[in-house]
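Student: The following block contains the structure, expressed as structure tokens.
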Amino acid sequence: MAKNLSFSYSKMGMYKECPQKYKFRYVHMLPEKPKYYFAFGSALHAVMEFIFNPARPQFPTLPQALDFFDSTWSKTSFEQKGYSSAEKELEGYAEGRRILESYYAKNAAHFEHPLCVETKSTLEIDGLNLISILDRMDYLGDGKIKILDYKTGKTVQREPDQLYMYQKVVENSPVIKSIVQAKDPAVKNVRVGELSFYHLPTLTEMKFERAGDKEIFNFWQNVLQIADHIRAGKFDPTPGENQCRWCDYRNLCPVFTGKDYCPSEDANSLPAPFPATPNAPQTLKKTEQDVLSENIDRLGELYTEISRLEKEIISGMEKNHFSRHFGKHFKAELTATDKVEITDTKKTVLLLQELGLLTKASAPTKTTIARLLTDDSVAADDKAKLQKLVHIVKESQLKIDPSL
Ligand code: SF4
């Protein structure tokens, strides 16, 4: 018997966007680059799950929710999140905290425990393993469910496929049925009573009614047709200005390279589409994986050696009070600069907000704070307050050049 095809709303969306992109991602298993908006959204989803966890008898306070957000946020670097710089990441961090504060101000007095949060359902249906994660479900009584999906992008709009997919899952999933029956044993069938998108950045809710059977039937025919195309290996690219501009697979795509992507070709002849991860190219030959691993180790060892040598040279030059010294072929120059160290980022963000300086600094990075401390347009009193939250350290910088 043929194996069920693993499917989800996001897989469907990618196939509809471009079947070739789907093939890169889910057939060749080439991961995409991290995207900051996914990292931002997942940090906020994690906090909403924390706030509304039905197992907790009491809702967390705002400081507890903010602490949870901080610890979730700090688990990954700005690169891992997909931000282009630490400054951009801090803007995201400040925006996340702002959203939580506004959310509490508007909703905390009316918090109610949901039926369940972040419910993962795998529904086996029509040859598919349909995987869905539902952000929040509330029980409306009489077997009816309200599905709530948090949105964290710039805007929110009706996404019919997502609504239909949720409805299909909720009304057919044995897992969800058992959750509802645990609450209300008399329920025979689960029905969607209401679907809702909650846009966290603007605290607005868009509500939708249950879709009619005909809409769901047509949607499902479309899902099954896409699944058939995937099984039949139909992955013709559908290039378009928007999707290709942001596509991580451009440098592998036949539309741009003029030839089919072949994973068994020498990996060194292919442009690397993204940083390697533990899940990266399953399709590489074993020997290529070995070479890749060896190169990673060699590079890591070289970095370690460079770092050790730098420290040794700086220490030797400082001890001898040299600002410049020569090898046979290279010269070393040592400069000392004042570096700002931020002692408490959260307090600094709040202080910048209070002083109305957040627009000047955009985020409390070492560079922006150093700039504010020397900015003539910033009041001396404000600088003094800022100075209490930072300390200045001397940092030696080593420059190596050919000594010609
Ligand atoms: S570059 Fe364009 S055509 Fe090629 S896979 Fe990406 S979206 Fe599809």
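Residues are referred to by chain and number: the chain letter is A, B, ... according to the order shown in the structure tokens, the number counts from 1 in that chain, and ligands are numbered separately from 1 in the order shown.
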Taking only C-alpha atoms and all ligand atoms into account, report as an MDAnalysis selection string which residues have an atom no farther than 6 Å from an atom of ligand 1.
Tutor: chainID A and resid 18 20:21 237:239 243:244 247 249:250 253 255
Student: Keeping only N, CA and C atoms, take the residues you just selected and write them out as a PDB file, in the first residue's frame.
Tutor:
ATOM      1  N   CYS A  18       4.936  27.876  -6.147  1.00  0.00           N
ATOM      2  CA  CYS A  18       5.834  27.388  -7.206  1.00  0.00           C
ATOM      3  C   CYS A  18       6.175  25.924  -6.931  1.00  0.00           C
ATOM      4  N   GLN A  20       8.308  24.013  -8.269  1.00  0.00           N
ATOM      5  CA  GLN A  20       9.766  23.777  -8.231  1.00  0.00           C
ATOM      6  C   GLN A  20      10.338  24.125  -6.848  1.00  0.00           C
ATOM      7  N   LYS A  21       9.801  25.179  -6.268  1.00  0.00           N
ATOM      8  CA  LYS A  21      10.247  25.574  -4.924  1.00  0.00           C
ATOM      9  C   LYS A  21       9.891  24.468  -3.923  1.00  0.00           C
ATOM     10  N   PRO A 237       8.489  24.755 -12.673  1.00  0.00           N
ATOM     11  CA  PRO A 237       8.560  26.064 -12.015  1.00  0.00           C
ATOM     12  C   PRO A 237       7.501  27.024 -12.549  1.00  0.00           C
ATOM     13  N   THR A 238       7.008  27.874 -11.681  1.00  0.00           N
ATOM     14  CA  THR A 238       6.078  28.928 -12.114  1.00  0.00           C
ATOM     15  C   THR A 238       6.683  30.264 -11.676  1.00  0.00           C
ATOM     16  N   PRO A 239       7.703  30.736 -12.420  1.00  0.00           N
ATOM     17  CA  PRO A 239       8.401  31.947 -11.985  1.00  0.00           C
ATOM     18  C   PRO A 239       7.495  33.174 -11.983  1.00  0.00           C
ATOM     19  N   GLN A 243       7.717  36.062  -6.209  1.00  0.00           N
ATOM     20  CA  GLN A 243       8.200  34.850  -5.533  1.00  0.00           C
ATOM     21  C   GLN A 243       9.657  34.566  -5.848  1.00  0.00           C
ATOM     22  N   CYS A 244      10.130  34.892  -7.061  1.00  0.00           N
ATOM     23  CA  CYS A 244      11.529  34.580  -7.396  1.00  0.00           C
ATOM     24  C   CYS A 244      12.484  35.535  -6.681  1.00  0.00           C
ATOM     25  N   CYS A 247      13.057  34.132  -3.315  1.00  0.00           N
ATOM     26  CA  CYS A 247      13.225  32.669  -3.224  1.00  0.00           C
ATOM     27  C   CYS A 247      14.677  32.315  -2.893  1.00  0.00           C
ATOM     28  N   TYR A 249      16.088  29.597  -3.438  1.00  0.00           N
ATOM     29  CA  TYR A 249      16.627  28.581  -4.344  1.00  0.00           C
ATOM     30  C   TYR A 249      16.984  29.138  -5.721  1.00  0.00           C
ATOM     31  N   ARG A 250      16.975  30.455  -5.831  1.00  0.00           N
ATOM     32  CA  ARG A 250      17.249  31.081  -7.128  1.00  0.00           C
ATOM     33  C   ARG A 250      18.523  30.556  -7.782  1.00  0.00           C
ATOM     34  N   CYS A 253      17.890  27.162  -9.243  1.00  0.00           N
ATOM     35  CA  CYS A 253      16.655  26.965 -10.007  1.00  0.00           C
ATOM     36  C   CYS A 253      16.931  26.910 -11.511  1.00  0.00           C
ATOM     37  N   VAL A 255      15.215  27.831 -13.893  1.00  0.00           N
ATOM     38  CA  VAL A 255      14.803  29.061 -14.580  1.00  0.00           C
ATOM     39  C   VAL A 255      15.989  30.029 -14.662  1.00  0.00           C
TER      40      VAL A 255
END
Student: With DSSP run on the backbone, what are the alpha helix (DSSP H) residues within segment 177-225 of chain A? I'd like them as a PyMOL selection string.
Tutor: chain A and resi 177-183+213-225
Student: Just N, CA and C atoms for this one: save the residues we selected as a PDB file, in the first residue's frame.
Tutor:
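Output contents, as saved in again_15.pdb:
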ATOM      1  N   LYS A 177     -11.661  15.569  18.546  1.00  0.00           N
ATOM      2  CA  LYS A 177     -12.934  15.040  19.057  1.00  0.00           C
ATOM      3  C   LYS A 177     -12.759  14.546  20.501  1.00  0.00           C
ATOM      4  N   SER A 178     -11.647  13.859  20.751  1.00  0.00           N
ATOM      5  CA  SER A 178     -11.460  13.334  22.115  1.00  0.00           C
ATOM      6  C   SER A 178     -11.238  14.478  23.122  1.00  0.00           C
ATOM      7  N   ILE A 179     -10.591  15.569  22.665  1.00  0.00           N
ATOM      8  CA  ILE A 179     -10.399  16.720  23.570  1.00  0.00           C
ATOM      9  C   ILE A 179     -11.770  17.329  23.924  1.00  0.00           C
ATOM     10  N   VAL A 180     -12.625  17.448  22.907  1.00  0.00           N
ATOM     11  CA  VAL A 180     -13.956  18.034  23.146  1.00  0.00           C
ATOM     12  C   VAL A 180     -14.789  17.101  24.030  1.00  0.00           C
ATOM     13  N   GLN A 181     -14.702  15.798  23.750  1.00  0.00           N
ATOM     14  CA  GLN A 181     -15.505  14.850  24.536  1.00  0.00           C
ATOM     15  C   GLN A 181     -15.041  14.775  25.996  1.00  0.00           C
ATOM     16  N   ALA A 182     -13.750  15.050  26.209  1.00  0.00           N
ATOM     17  CA  ALA A 182     -13.276  15.073  27.606  1.00  0.00           C
ATOM     18  C   ALA A 182     -13.948  16.217  28.357  1.00  0.00           C
ATOM     19  N   LYS A 183     -14.267  17.261  27.631  1.00  0.00           N
ATOM     20  CA  LYS A 183     -14.924  18.427  28.245  1.00  0.00           C
ATOM     21  C   LYS A 183     -16.435  18.220  28.299  1.00  0.00           C
ATOM     22  N   ASP A 213     -20.609  23.503   3.025  1.00  0.00           N
ATOM     23  CA  ASP A 213     -20.102  22.190   2.592  1.00  0.00           C
ATOM     24  C   ASP A 213     -19.549  22.244   1.167  1.00  0.00           C
ATOM     25  N   LYS A 214     -20.187  23.066   0.305  1.00  0.00           N
ATOM     26  CA  LYS A 214     -19.738  23.122  -1.096  1.00  0.00           C
ATOM     27  C   LYS A 214     -18.332  23.727  -1.177  1.00  0.00           C
ATOM     28  N   GLU A 215     -18.115  24.799  -0.396  1.00  0.00           N
ATOM     29  CA  GLU A 215     -16.779  25.426  -0.397  1.00  0.00           C
ATOM     30  C   GLU A 215     -15.724  24.422   0.060  1.00  0.00           C
ATOM     31  N   ILE A 216     -16.062  23.703   1.143  1.00  0.00           N
ATOM     32  CA  ILE A 216     -15.106  22.723   1.674  1.00  0.00           C
ATOM     33  C   ILE A 216     -14.868  21.605   0.657  1.00  0.00           C
ATOM     34  N   PHE A 217     -15.917  21.164  -0.037  1.00  0.00           N
ATOM     35  CA  PHE A 217     -15.774  20.112  -1.041  1.00  0.00           C
ATOM     36  C   PHE A 217     -14.812  20.571  -2.147  1.00  0.00           C
ATOM     37  N   ASN A 218     -15.044  21.797  -2.656  1.00  0.00           N
ATOM     38  CA  ASN A 218     -14.195  22.305  -3.745  1.00  0.00           C
ATOM     39  C   ASN A 218     -12.744  22.460  -3.287  1.00  0.00           C
ATOM     40  N   PHE A 219     -12.592  22.972  -2.057  1.00  0.00           N
ATOM     41  CA  PHE A 219     -11.248  23.133  -1.509  1.00  0.00           C
ATOM     42  C   PHE A 219     -10.553  21.772  -1.436  1.00  0.00           C
ATOM     43  N   TRP A 220     -11.297  20.781  -0.968  1.00  0.00           N
ATOM     44  CA  TRP A 220     -10.682  19.471  -0.777  1.00  0.00           C
ATOM     45  C   TRP A 220     -10.305  18.826  -2.115  1.00  0.00           C
ATOM     46  N   GLN A 221     -11.124  19.046  -3.133  1.00  0.00           N
ATOM     47  CA  GLN A 221     -10.774  18.533  -4.468  1.00  0.00           C
ATOM     48  C   GLN A 221      -9.452  19.140  -4.919  1.00  0.00           C
ATOM     49  N   ASN A 222      -9.272  20.431  -4.615  1.00  0.00           N
ATOM     50  CA  ASN A 222      -8.040  21.128  -4.977  1.00  0.00           C
ATOM     51  C   ASN A 222      -6.834  20.534  -4.225  1.00  0.00           C
ATOM     52  N   VAL A 223      -7.028  20.250  -2.944  1.00  0.00           N
ATOM     53  CA  VAL A 223      -5.959  19.624  -2.140  1.00  0.00           C
ATOM     54  C   VAL A 223      -5.577  18.274  -2.742  1.00  0.00           C
ATOM     55  N   LEU A 224      -6.592  17.465  -3.063  1.00  0.00           N
ATOM     56  CA  LEU A 224      -6.310  16.124  -3.591  1.00  0.00           C
ATOM     57  C   LEU A 224      -5.620  16.195  -4.952  1.00  0.00           C
ATOM     58  N   GLN A 225      -5.974  17.215  -5.745  1.00  0.00           N
ATOM     59  CA  GLN A 225      -5.336  17.370  -7.052  1.00  0.00           C
ATOM     60  C   GLN A 225      -3.850  17.741  -6.878  1.00  0.00           C
TER      61      GLN A 225
END
Student: Would you kindly return, as a list in words, each protein, DNA or RNA residue with an atom no farther than 6 Å from any atom of segment 341-343 of chain A, considering only C-alpha atoms and excluding same-chain residues fewer than 3 positions away?
Tutor: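 Within the cut-off, the hits are Leu389, Val390 and His391 of chain A.
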Student: Could you take the residues named above and write them with N, CA and C atoms, as a PDB file, in the first residue's frame?
Tutor:
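Full text of result.pdb as output:
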ATOM      1  N   LEU A 389      23.399  53.303  32.988  1.00  0.00           N
ATOM      2  CA  LEU A 389      23.031  51.959  32.526  1.00  0.00           C
ATOM      3  C   LEU A 389      24.101  51.326  31.640  1.00  0.00           C
ATOM      4  N   VAL A 390      25.219  52.035  31.496  1.00  0.00           N
ATOM      5  CA  VAL A 390      26.287  51.452  30.676  1.00  0.00           C
ATOM      6  C   VAL A 390      27.613  51.610  31.402  1.00  0.00           C
ATOM      7  N   HIS A 391      28.612  50.875  31.008  1.00  0.00           N
ATOM      8  CA  HIS A 391      29.945  51.238  31.447  1.00  0.00           C
ATOM      9  C   HIS A 391      30.896  51.155  30.259  1.00  0.00           C
TER      10      HIS A 391
END
Student: So that I can see what lies close to Lys207 of chain A, please list as a ChimeraX atom specification the residues with an atom at most 8 Å from it, counting only C-alpha atoms and leaving out residues fewer than 5 positions away in the same chain.
Tutor: /A:194-197
Student: Output as a PyMOL selection string all residues of segment 350-395 of chain A that backbone DSSP marks as strand (DSSP E or B).
Tutor: chain A and resi 390-395
